[in-house]
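Q: To be precise about what I am sending: the file is called model10.cif and holds mmCIF, C-alpha atoms and all ligand atoms.
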data_data
#
loop_
_atom_site.label_atom_id
_atom_site.label_comp_id
_atom_site.auth_asym_id
_atom_site.auth_seq_id
_atom_site.Cartn_x
_atom_site.Cartn_y
_atom_site.Cartn_z
CA MET A 2 69.20 27.26 124.20
CA SER A 3 68.70 30.56 126.01
CA PRO A 4 65.10 31.55 127.13
CA ASP A 5 64.54 33.64 123.96
CA GLY A 6 65.38 30.62 121.79
CA SER A 7 68.71 31.90 120.48
CA ARG A 8 71.82 29.76 120.66
CA PRO A 9 74.33 30.97 123.27
CA ALA A 10 77.71 31.96 121.91
CA PRO A 11 80.16 29.08 122.41
CA ARG A 12 82.13 29.58 125.62
CA ALA A 13 85.85 29.84 125.37
CA THR A 14 87.75 26.87 126.85
CA PRO A 15 91.21 26.82 128.38
CA VAL A 16 93.96 26.21 125.83
CA PRO A 17 96.86 24.01 127.02
CA ARG A 18 100.34 25.40 126.51
CA ILE A 19 101.72 21.89 126.23
CA ALA A 20 101.11 19.95 123.00
CA PRO A 21 98.92 16.94 123.78
CA LEU A 22 100.67 13.60 123.66
CA SER A 23 98.71 10.37 123.44
CA LEU A 24 99.81 7.71 125.88
CA ARG A 25 100.90 4.41 124.34
CA GLY A 26 98.19 1.79 124.37
CA ARG A 27 98.99 -1.04 126.76
CA ILE A 28 97.16 -4.27 127.36
CA GLY A 29 94.65 -3.43 130.08
CA ARG A 30 92.06 -6.18 129.70
CA ALA A 31 91.73 -9.22 131.95
CA GLN A 32 93.87 -12.23 131.07
CA PRO A 33 91.41 -14.51 129.20
CA LYS A 34 92.59 -17.77 130.82
CA GLY A 35 92.68 -16.22 134.29
CA LEU A 36 96.48 -16.59 134.40
CA PRO A 37 98.50 -14.28 136.65
CA VAL A 38 99.69 -11.28 134.61
CA VAL A 39 103.48 -10.86 134.40
CA ASN A 40 104.50 -7.36 133.34
CA LEU A 41 107.73 -7.50 131.35
CA GLY A 42 106.94 -4.15 129.75
CA TYR A 43 108.30 -1.54 132.15
CA ASN A 44 111.98 -2.51 132.56
CA GLU A 45 111.49 -3.12 136.27
CA LEU A 46 113.23 -5.72 138.45
CA PRO A 47 111.10 -8.82 139.02
CA TRP A 48 111.84 -9.06 142.77
CA GLY A 49 110.33 -7.34 145.80
CA PRO A 50 112.36 -5.30 148.28
CA THR A 51 115.41 -6.73 150.02
CA THR A 52 115.00 -7.41 153.73
CA ARG A 53 116.86 -4.22 154.68
CA VAL A 54 114.69 -2.11 152.38
CA ALA A 55 111.46 -3.69 153.65
CA GLU A 56 112.57 -3.02 157.25
CA ALA A 57 113.43 0.60 156.46
CA ILE A 58 110.00 1.15 154.90
CA ALA A 59 108.26 -0.46 157.89
CA ALA A 60 110.31 1.58 160.35
CA MET A 61 109.35 4.81 158.59
CA ALA A 62 105.64 4.02 158.57
CA GLY A 63 105.10 5.50 162.03
CA SER A 64 106.50 8.91 161.18
CA VAL A 65 104.89 9.84 157.89
CA ASN A 66 103.28 12.84 159.59
CA SER A 67 106.66 14.53 159.10
CA TYR A 68 108.08 15.71 155.78
CA GLY A 69 111.21 14.13 154.46
CA SER A 70 114.42 16.13 154.26
CA PRO A 71 113.92 18.60 151.36
CA GLY A 72 117.60 18.30 150.45
CA CYS A 73 117.62 14.50 151.01
CA ASP A 74 120.67 15.19 153.19
CA SER A 75 121.24 11.74 154.63
CA LEU A 76 120.57 10.01 151.29
CA ARG A 77 122.94 12.34 149.46
CA ALA A 78 125.65 11.63 152.01
CA ALA A 79 125.11 7.89 151.55
CA LEU A 80 125.15 8.25 147.75
CA ALA A 81 128.36 10.23 147.93
CA THR A 82 130.04 7.56 150.06
CA ALA A 83 128.75 4.66 147.96
CA ASN A 84 129.79 6.24 144.65
CA ARG A 85 132.89 8.18 145.81
CA LEU A 86 131.26 11.47 144.83
CA ASP A 87 130.89 14.87 146.44
CA ALA A 88 127.50 15.20 148.22
CA ASP A 89 127.49 18.90 147.34
CA ARG A 90 127.18 18.00 143.65
CA LEU A 91 124.11 15.80 144.15
CA ILE A 92 120.38 16.51 143.89
CA CYS A 93 117.62 13.92 144.31
CA GLY A 94 114.27 13.85 142.57
CA ASN A 95 110.97 12.02 142.32
CA GLY A 96 112.50 9.47 139.99
CA SER A 97 115.15 10.56 137.53
CA GLU A 98 112.22 11.41 135.26
CA GLU A 99 111.57 14.47 137.44
CA LEU A 100 115.20 15.55 137.20
CA LEU A 101 115.16 15.27 133.40
CA ASP A 102 112.13 17.55 133.41
CA VAL A 103 113.73 19.95 135.91
CA ILE A 104 116.87 20.20 133.77
CA GLY A 105 114.81 20.81 130.63
CA ARG A 106 112.74 23.54 132.31
CA THR A 107 115.83 25.16 133.80
CA PHE A 108 117.80 25.43 130.58
CA ALA A 109 115.44 25.35 127.57
CA GLY A 110 112.34 27.20 126.43
CA PRO A 111 110.42 28.17 123.30
CA GLY A 112 112.74 28.83 120.36
CA ASP A 113 115.50 26.66 121.81
CA GLU A 114 116.51 23.22 120.59
CA ILE A 115 116.82 20.03 122.61
CA LEU A 116 118.99 17.47 120.86
CA ILE A 117 118.62 13.70 121.25
CA SER A 118 119.65 10.57 119.40
CA ALA A 119 117.02 9.29 116.92
CA TYR A 120 115.78 6.44 119.13
CA GLY A 121 116.39 8.31 122.38
CA TYR A 122 114.25 7.79 125.48
CA ILE A 123 110.66 8.98 124.99
CA GLN A 124 110.75 11.26 128.06
CA PHE A 125 113.31 13.49 126.35
CA ALA A 126 110.73 14.27 123.65
CA MET A 127 108.13 14.89 126.35
CA VAL A 128 110.41 17.35 128.12
CA ALA A 129 110.93 19.25 124.85
CA ALA A 130 107.15 19.34 124.31
CA ARG A 131 106.55 20.64 127.85
CA VAL A 132 109.03 23.48 127.61
CA GLY A 133 108.06 24.39 124.05
CA ALA A 134 111.55 23.67 122.67
CA THR A 135 112.17 22.16 119.23
CA LEU A 136 113.22 18.53 119.39
CA VAL A 137 116.13 17.70 117.07
CA LYS A 138 116.99 14.05 116.45
CA ALA A 139 120.44 12.97 115.27
CA PRO A 140 120.51 9.82 113.12
CA GLU A 141 121.79 6.60 114.65
CA ARG A 142 124.13 3.99 113.27
CA ASP A 143 123.10 0.33 113.69
CA SER A 144 120.39 1.36 116.19
CA ALA A 145 122.99 2.94 118.48
CA THR A 146 123.90 6.56 119.21
CA ASP A 147 126.27 8.14 116.71
CA VAL A 148 128.02 10.88 118.69
CA ASP A 149 129.51 12.41 115.55
CA ALA A 150 126.02 12.79 114.08
CA MET A 151 124.94 14.34 117.38
CA LEU A 152 127.80 16.84 117.27
CA ASP A 153 126.92 17.64 113.63
CA SER A 154 123.34 18.38 114.75
CA VAL A 155 124.33 21.05 117.29
CA THR A 156 123.26 24.56 116.28
CA ALA A 157 123.45 27.98 117.90
CA ARG A 158 119.99 27.24 119.36
CA THR A 159 120.90 23.95 121.06
CA ARG A 160 120.51 24.31 124.82
CA VAL A 161 120.29 20.75 126.13
CA VAL A 162 121.53 17.40 124.81
CA PHE A 163 119.95 14.32 126.41
CA LEU A 164 121.68 10.99 125.95
CA ALA A 165 120.54 7.77 127.61
CA ASN A 166 123.50 5.42 127.50
CA PRO A 167 122.56 2.56 127.60
CA ASN A 168 119.44 3.67 125.78
CA ASN A 169 115.77 2.80 126.13
CA PRO A 170 114.12 1.34 123.98
CA THR A 171 117.08 -0.05 122.01
CA GLY A 172 119.21 -1.21 124.96
CA THR A 173 122.34 -0.30 122.99
CA MET A 174 125.20 1.81 124.31
CA VAL A 175 128.32 3.57 123.11
CA GLY A 176 131.66 3.33 124.87
CA LEU A 177 133.48 5.84 127.03
CA ASP A 178 135.70 7.03 124.19
CA ALA A 179 132.62 8.10 122.20
CA LEU A 180 131.15 9.78 125.27
CA GLU A 181 134.37 11.65 125.79
CA ARG A 182 134.31 12.84 122.18
CA LEU A 183 130.79 14.13 122.71
CA VAL A 184 131.65 15.87 125.98
CA ARG A 185 134.72 17.54 124.49
CA GLY A 186 133.00 18.45 121.21
CA LEU A 187 130.00 20.27 122.68
CA PRO A 188 130.06 24.03 123.22
CA PRO A 189 130.49 24.68 126.95
CA GLU A 190 127.18 26.55 127.20
CA VAL A 191 125.19 23.50 126.05
CA VAL A 192 124.02 21.25 128.90
CA LEU A 193 124.77 17.57 128.32
CA VAL A 194 122.70 15.10 130.32
CA LEU A 195 124.16 11.60 130.46
CA ASP A 196 121.27 9.41 131.62
CA LEU A 197 122.61 6.30 133.35
CA ALA A 198 119.23 4.80 134.29
CA TYR A 199 120.51 1.37 133.11
CA GLY A 200 124.19 2.03 133.81
CA GLU A 201 124.52 -0.66 136.50
CA PHE A 202 123.63 -3.35 133.96
CA ALA A 203 126.50 -2.10 131.79
CA GLY A 204 128.75 -2.22 134.86
CA PHE A 205 129.21 -0.36 138.15
CA SER A 206 132.71 0.55 137.02
CA HIS A 207 131.28 2.03 133.81
CA CYS A 208 129.03 4.26 135.94
CA ALA A 209 132.03 5.40 137.99
CA ALA A 210 133.97 6.22 134.82
CA VAL A 211 131.08 8.34 133.49
CA HIS A 212 130.96 10.34 136.74
CA ASP A 213 134.73 10.81 136.51
CA LEU A 214 134.41 12.10 132.96
CA ALA A 215 131.55 14.49 133.86
CA ARG A 216 133.34 15.97 136.86
CA GLY A 217 135.80 17.84 134.64
CA PHE A 218 133.10 19.85 132.83
CA ASP A 219 130.76 22.62 134.02
CA ASN A 220 128.03 21.66 131.55
CA VAL A 221 127.70 17.90 132.11
CA VAL A 222 125.10 16.24 134.36
CA VAL A 223 124.84 12.51 135.11
CA THR A 224 121.42 11.19 136.09
CA ARG A 225 120.87 7.91 137.96
CA THR A 226 117.89 6.06 139.38
CA PHE A 227 116.86 3.63 142.11
CA SER A 228 114.10 2.31 139.81
CA LYS A 229 116.07 -0.25 137.83
CA ALA A 230 119.06 -2.08 139.40
CA TYR A 231 117.96 -1.10 142.93
CA GLY A 232 114.39 -2.30 142.38
CA LEU A 233 112.56 0.72 143.85
CA ALA A 234 110.58 1.88 140.80
CA GLY A 235 107.38 2.29 142.81
CA LEU A 236 108.99 4.58 145.37
CA ARG A 237 110.30 7.11 142.82
CA VAL A 238 113.86 8.11 143.68
CA GLY A 239 116.39 9.41 141.18
CA TRP A 240 119.48 11.54 141.58
CA ALA A 241 121.85 13.64 139.55
CA ASP A 242 125.54 14.47 139.81
CA CYS A 243 125.74 18.11 138.64
CA PRO A 244 128.18 20.97 138.32
CA PRO A 245 127.61 22.79 141.65
CA ALA A 246 126.80 26.12 139.93
CA MET A 247 123.65 24.54 138.45
CA LEU A 248 122.21 23.35 141.74
CA PRO A 249 120.45 26.48 143.08
CA ALA A 250 118.44 26.83 139.84
CA LEU A 251 117.68 23.11 139.74
CA TYR A 252 116.39 23.21 143.33
CA ALA A 253 114.24 26.24 142.45
CA ALA A 254 112.74 24.33 139.52
CA ARG A 255 112.26 21.10 141.48
CA GLY A 256 110.23 22.19 144.50
CA MET A 257 110.60 21.15 148.12
CA GLY A 258 109.09 17.79 148.92
CA SER A 259 109.54 15.76 145.81
CA VAL A 260 111.27 12.74 147.38
CA ASN A 261 109.09 11.43 150.16
CA ARG A 262 110.35 10.36 153.56
CA MET A 263 109.78 6.65 153.04
CA ALA A 264 111.48 6.69 149.65
CA GLN A 265 114.55 8.44 151.09
CA ALA A 266 114.85 5.81 153.84
CA ALA A 267 114.34 2.91 151.42
CA ALA A 268 116.93 4.24 148.95
CA GLU A 269 119.48 4.60 151.75
CA ALA A 270 118.77 1.03 152.86
CA ALA A 271 119.19 -0.20 149.27
CA LEU A 272 122.66 1.37 149.21
CA ALA A 273 123.50 -0.51 152.40
CA ASP A 274 122.38 -3.72 150.67
CA ILE A 275 124.81 -3.28 147.80
CA ASP A 276 125.96 -6.93 147.76
CA GLU A 277 122.39 -8.02 147.13
CA VAL A 278 122.03 -5.34 144.42
CA HIS A 279 125.18 -6.66 142.71
CA ALA A 280 123.86 -10.24 142.91
CA ARG A 281 120.52 -9.25 141.39
CA VAL A 282 122.18 -7.31 138.58
CA GLY A 283 124.35 -10.37 137.91
CA ARG A 284 121.27 -12.61 137.64
CA ILE A 285 119.57 -10.17 135.26
CA VAL A 286 122.65 -9.88 133.04
CA ALA A 287 122.97 -13.69 132.91
CA GLU A 288 119.30 -13.99 131.98
CA ARG A 289 119.68 -11.31 129.32
CA GLU A 290 122.47 -13.30 127.66
CA ARG A 291 120.53 -16.58 128.01
CA LEU A 292 117.38 -15.09 126.47
CA ALA A 293 119.19 -13.33 123.64
CA SER A 294 120.84 -16.59 122.70
CA ALA A 295 117.63 -18.65 123.06
CA LEU A 296 115.60 -16.14 121.01
CA GLY A 297 118.36 -16.15 118.38
CA GLY A 298 117.98 -19.94 118.17
CA ILE A 299 114.26 -19.74 117.34
CA GLY A 300 114.36 -17.08 114.63
CA MET A 301 114.48 -13.76 116.49
CA THR A 302 117.22 -11.15 116.44
CA CYS A 303 118.04 -9.05 119.51
CA LEU A 304 119.84 -5.72 119.48
CA PRO A 305 122.98 -5.91 121.65
CA SER A 306 121.70 -4.89 125.07
CA ALA A 307 123.55 -3.39 128.02
CA THR A 308 120.34 -3.09 130.06
CA ASN A 309 117.77 -5.29 131.85
CA PHE A 310 115.69 -5.63 128.68
CA LEU A 311 115.98 -6.80 125.09
CA ALA A 312 114.71 -5.16 121.92
CA THR A 313 114.00 -8.05 119.59
CA CYS A 314 112.28 -8.75 116.27
CA ILE A 315 111.20 -11.79 114.29
CA ASP A 316 113.56 -12.39 111.38
CA GLY A 317 111.91 -11.42 108.11
CA ALA A 318 108.59 -10.35 109.70
CA GLY A 319 106.90 -6.95 109.68
CA PRO A 320 105.33 -4.92 112.50
CA GLU A 321 101.94 -6.65 112.19
CA VAL A 322 103.55 -9.99 113.08
CA THR A 323 105.32 -8.36 116.05
CA GLU A 324 101.96 -6.98 117.16
CA ALA A 325 100.43 -10.46 116.85
CA LEU A 326 103.26 -11.87 119.00
CA VAL A 327 102.66 -9.20 121.68
CA GLU A 328 98.98 -10.22 121.76
CA HIS A 329 99.85 -13.93 121.71
CA VAL A 330 102.16 -13.89 124.76
CA PHE A 331 99.44 -12.10 126.73
CA GLU A 332 96.60 -14.41 125.68
CA ASP A 333 98.74 -17.55 125.90
CA ALA A 334 100.90 -16.91 128.98
CA GLY A 335 99.70 -13.67 130.65
CA ILE A 336 102.93 -11.86 129.75
CA VAL A 337 102.86 -8.15 128.90
CA VAL A 338 105.58 -6.86 126.55
CA ASN A 339 105.65 -3.71 124.42
CA ARG A 340 106.01 -3.23 120.70
CA THR A 341 108.31 -0.29 120.02
CA ARG A 342 106.58 2.31 117.87
CA GLU A 343 109.43 4.70 117.08
CA ASP A 344 109.86 5.33 113.34
CA GLY A 345 112.29 2.68 112.16
CA LEU A 346 111.81 0.38 115.19
CA GLU A 347 108.25 -0.76 114.44
CA ARG A 348 109.34 -4.36 113.91
CA TYR A 349 110.75 -4.60 117.43
CA LEU A 350 109.25 -5.44 120.75
CA ARG A 351 110.88 -4.72 124.08
CA LEU A 352 110.84 -7.16 126.97
CA SER A 353 112.32 -6.80 130.44
CA MET A 354 114.11 -9.66 132.11
CA GLY A 355 111.85 -11.39 134.61
CA THR A 356 112.72 -14.18 137.02
CA GLU A 357 114.25 -17.29 135.46
CA ALA A 358 110.82 -19.00 135.60
CA GLN A 359 109.05 -16.04 133.99
CA ASN A 360 111.64 -15.93 131.23
CA ASP A 361 111.14 -19.66 130.58
CA LEU A 362 107.40 -19.04 130.33
CA LEU A 363 108.06 -16.30 127.80
CA LEU A 364 110.42 -18.44 125.72
CA GLU A 365 107.93 -21.32 125.61
CA SER A 366 105.12 -19.00 124.56
CA VAL A 367 107.20 -17.28 121.85
CA GLY A 368 108.28 -20.75 120.64
CA ARG A 369 104.61 -21.81 120.29
CA PHE A 370 103.85 -18.65 118.28
CA LEU A 371 106.77 -19.11 115.91
CA ALA A 372 106.08 -22.85 115.44
CA ALA A 373 102.48 -22.06 114.41
CA ARG A 374 103.46 -19.51 111.72
C1 LIG B 1 116.45 5.82 129.87
C2 LIG B 1 115.58 6.13 131.04
N1 LIG B 1 115.85 7.21 131.77
C3 LIG B 1 115.12 7.56 132.83
C4 LIG B 1 114.03 6.79 133.21
C5 LIG B 1 113.19 7.27 134.34
O1 LIG B 1 113.21 6.41 135.41
P1 LIG B 1 112.76 6.86 136.85
O2 LIG B 1 111.93 8.10 136.73
O3 LIG B 1 111.97 5.73 137.36
O4 LIG B 1 114.01 7.12 137.61
C6 LIG B 1 113.71 5.62 132.49
C7 LIG B 1 112.55 4.80 132.86
O5 LIG B 1 112.18 3.85 132.26
C8 LIG B 1 114.51 5.30 131.37
O6 LIG B 1 114.23 4.23 130.61
#
Would you kindly transcribe this structure into structure tokens?
Ligand SMILES: Cc1ncc(COP(=O)(O)O)c(C=O)c1O

A:
Amino acid sequence: MSPDGSRPAPRATPVPRIAPLSLRGRIGRAQPKGLPVVNLGYNELPWGPTTRVAEAIAAMAGSVNSYGSPGCDSLRAALATANRLDADRLICGNGSEELLDVIGRTFAGPGDEILISAYGYIQFAMVAARVGATLVKAPERDSATDVDAMLDSVTARTRVVFLANPNNPTGTMVGLDALERLVRGLPPEVVLVLDLAYGEFAGFSHCAAVHDLARGFDNVVVTRTFSKAYGLAGLRVGWADCPPAMLPALYAARGMGSVNRMAQAAAEAALADIDEVHARVGRIVAERERLASALGGIGMTCLPSATNFLATCIDGAGPEVTEALVEHVFEDAGIVVNRTREDGLERYLRLSMGTEAQNDLLLESVGRFLAAR
């Protein structure tokens, strides 16, 4: 109330330009039995840094008063050598998530369309929301990208097409021939982003073939990350292989210091430890096949996965049973997994491959849940 007793006029408040987006609820409470919590919900690797990476981080600790290289020069050179690419086509970012955002902001705005596959990675929708573009979703076939449906969904307003292949949250992927059809079928002024965040789990040679395909086109970008196969999710390093003409605008949109000094050193060390990276990817892929088969044996169906996670559902059960299973594995075994909430995928939950012991724990806990139904 003001001194004369009248109500003050309501004050104006700032209005966000970006549509609000509620974050997915995740289990945040303490584990009721006091068990250690195992997070199989973020598609991370279950192991800590390799010795080389740990040493690189320790060695950098004494010089964090200095900025890292804004152009990540040494890391780009190492990436180019490791992947047989041209360093002048590469840009690094604070995780590939930043680069997806940078690409969206550089090429799309209000009134434009950003095209994705129906169950495409959630960040693509967030990028569209941030830039004010209309998100267009092309239908999938058997929970996998249908490139012909994507091509049919292109309009004169399409500016960017984002495709995670393999995809998150389904884990499914389409082959090179389909990718080639998409690349060749898109108008040359539409930017195509081929997100290979999980590419190493589909095969290092598959990743190389995607870069080879992209190199022939001035509108195709390939994004990669150190967060998954390289196990550096917490350090935030991603990179993109881009047509060189795009790079000045992408750097302008990205800002100077987005990849910190320690992260650059650690990523370079991870590249030097490539044998260990290959071994870890091999263990994850073997576990993925073991779990898919074991889950299949106890009444669950998994989508075919080319990643380090499985999207799986209980045969004949609805989303409420999936939700109960997500709660059960946390209460029973301290394991965090996520139910997928995308329209059409509500019956699924997504779980990342842990260590062999963690995966056994999960299987036993799921088995107890299913036996009690
Ligand atoms: C398909 C896909 N792309 C990109 C990312 C972003 O990863 P990061 O920002 O850690 O590189 C993720 C993370 O989960 C992902 O699932």

Q: Could you check which of A:Ala13, A:Val222, A:Val337, A:Leu233 is closest to ligand LIG 1 (chain B), using only C-alpha atoms and all ligand atoms?

A: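 Smallest separation from ligand LIG 1 (chain B) among the options: A:Leu233.
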
Q: Skip region 68-73 of chain A itself and residues of its chain fewer than 2 positions away, then list as a VMD selection string all residues within 8 Å of it, counting only C-alpha atoms.

A: chain A and resid 65 to 66 75 to 77 92 to 93 257 to 263 265

Q: At a cut-off of 6 Å around ligand LIG 1 (chain B), and using all atoms listed in the file, what residues come up? Please write them as a VMD selection string.

A: chain A and resid 96 to 98 122 165 168 to 169 196 198 226 228 234 237 239

Q: Kindly export the residues of the current selection with C-alpha atoms, as a CSV table (one decimal), keeping the file's coordinate frame.

A:
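Generated file (part_3.csv):
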chain,number,residue,atom,x,y,z
A,96,GLY,CA,112.5,9.5,140.0
A,97,SER,CA,115.2,10.6,137.5
A,98,GLU,CA,112.2,11.4,135.3
A,122,TYR,CA,114.2,7.8,125.5
A,165,ALA,CA,120.5,7.8,127.6
A,168,ASN,CA,119.4,3.7,125.8
A,169,ASN,CA,115.8,2.8,126.1
A,196,ASP,CA,121.3,9.4,131.6
A,198,ALA,CA,119.2,4.8,134.3
A,226,THR,CA,117.9,6.1,139.4
A,228,SER,CA,114.1,2.3,139.8
A,234,ALA,CA,110.6,1.9,140.8
A,237,ARG,CA,110.3,7.1,142.8
A,239,GLY,CA,116.4,9.4,141.2

Q: Check the smallest atom-to-atom distance from each of A:Ala241, A:Arg182, A:Asp344, A:Leu248 to Pro140 (chain A) using all atoms listed in the file, then report the winner.

A: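 Counting all atoms listed in the file, the residue closest to Pro140 (chain A) is A:Asp344.
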
Q: Just the number, please: distance in Å from CA of Cys303 (chain A) to CA of Ala287 (chain A), one decimal.

A: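 Those two atoms sit 15.0 Å apart.
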
Q: Box time for region 224-231 of chain A: axis-aligned, enclosing all its listed atoms, 5 Å extra on each side; report centre and edge lengths in Å to one decimal, as JSON.

A:
{"center_x": 117.8, "center_y": 4.6, "center_z": 139.5, "size_x": 17.3, "size_y": 23.3, "size_z": 16.8}

Q: For Arg30 (chain A), which residue out of A:Glu328, A:Arg351, A:Val148, A:Ala264 is the nearest one, using all atoms listed in the file?

A: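 Counting all atoms listed in the file, the residue closest to Arg30 (chain A) is A:Glu328.
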
Q: Go ahead and compute the interatomic distance for CA of Gly42 (chain A) and CA of Leu311 (chain A), in Å to one decimal.

A: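 Pair CA of Gly42 (chain A) / CA of Leu311 (chain A) returns 10.5 Å.
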
Q: Quick one: residues within 8 Å of region 153-157 of chain A, only C-alpha atoms counted, chain neighbours fewer than 3 positions away excluded, as a PDB file with C-alpha atoms, keeping the file's coordinate frame?

A:
ATOM      1  CA  LEU A 116     118.990  17.470 120.860  1.00  0.00           C
ATOM      2  CA  VAL A 137     116.130  17.700 117.070  1.00  0.00           C
ATOM      3  CA  LYS A 138     116.990  14.050 116.450  1.00  0.00           C
ATOM      4  CA  ALA A 139     120.440  12.970 115.270  1.00  0.00           C
ATOM      5  CA  ASP A 149     129.510  12.410 115.550  1.00  0.00           C
ATOM      6  CA  ALA A 150     126.020  12.790 114.080  1.00  0.00           C
ATOM      7  CA  LEU A 187     130.000  20.270 122.680  1.00  0.00           C
TER       8      LEU A 187
END

Q: What lies within 9 Å of Thr356 (chain A) using only C-alpha atoms, ignoring chain neighbours under 2 positions off, as a ChimeraX atom specification?

A: /A:46-48,284-285,288,354,358-361

Q: Residues of the last selection are to be written out with C-alpha atoms, as a short mmCIF file (atom, residue, chain, number, x, y, z; two decimals), in the frame of the given file.

A:
data_model
loop_
_atom_site.label_atom_id
_atom_site.label_comp_id
_atom_site.auth_asym_id
_atom_site.auth_seq_id
_atom_site.Cartn_x
_atom_site.Cartn_y
_atom_site.Cartn_z
CA LEU A 46 113.23 -5.72 138.45
CA PRO A 47 111.10 -8.82 139.02
CA TRP A 48 111.84 -9.06 142.77
CA ARG A 284 121.27 -12.61 137.64
CA ILE A 285 119.57 -10.17 135.26
CA GLU A 288 119.30 -13.99 131.98
CA MET A 354 114.11 -9.66 132.11
CA ALA A 358 110.82 -19.00 135.60
CA GLN A 359 109.05 -16.04 133.99
CA ASN A 360 111.64 -15.93 131.23
CA ASP A 361 111.14 -19.66 130.58
#
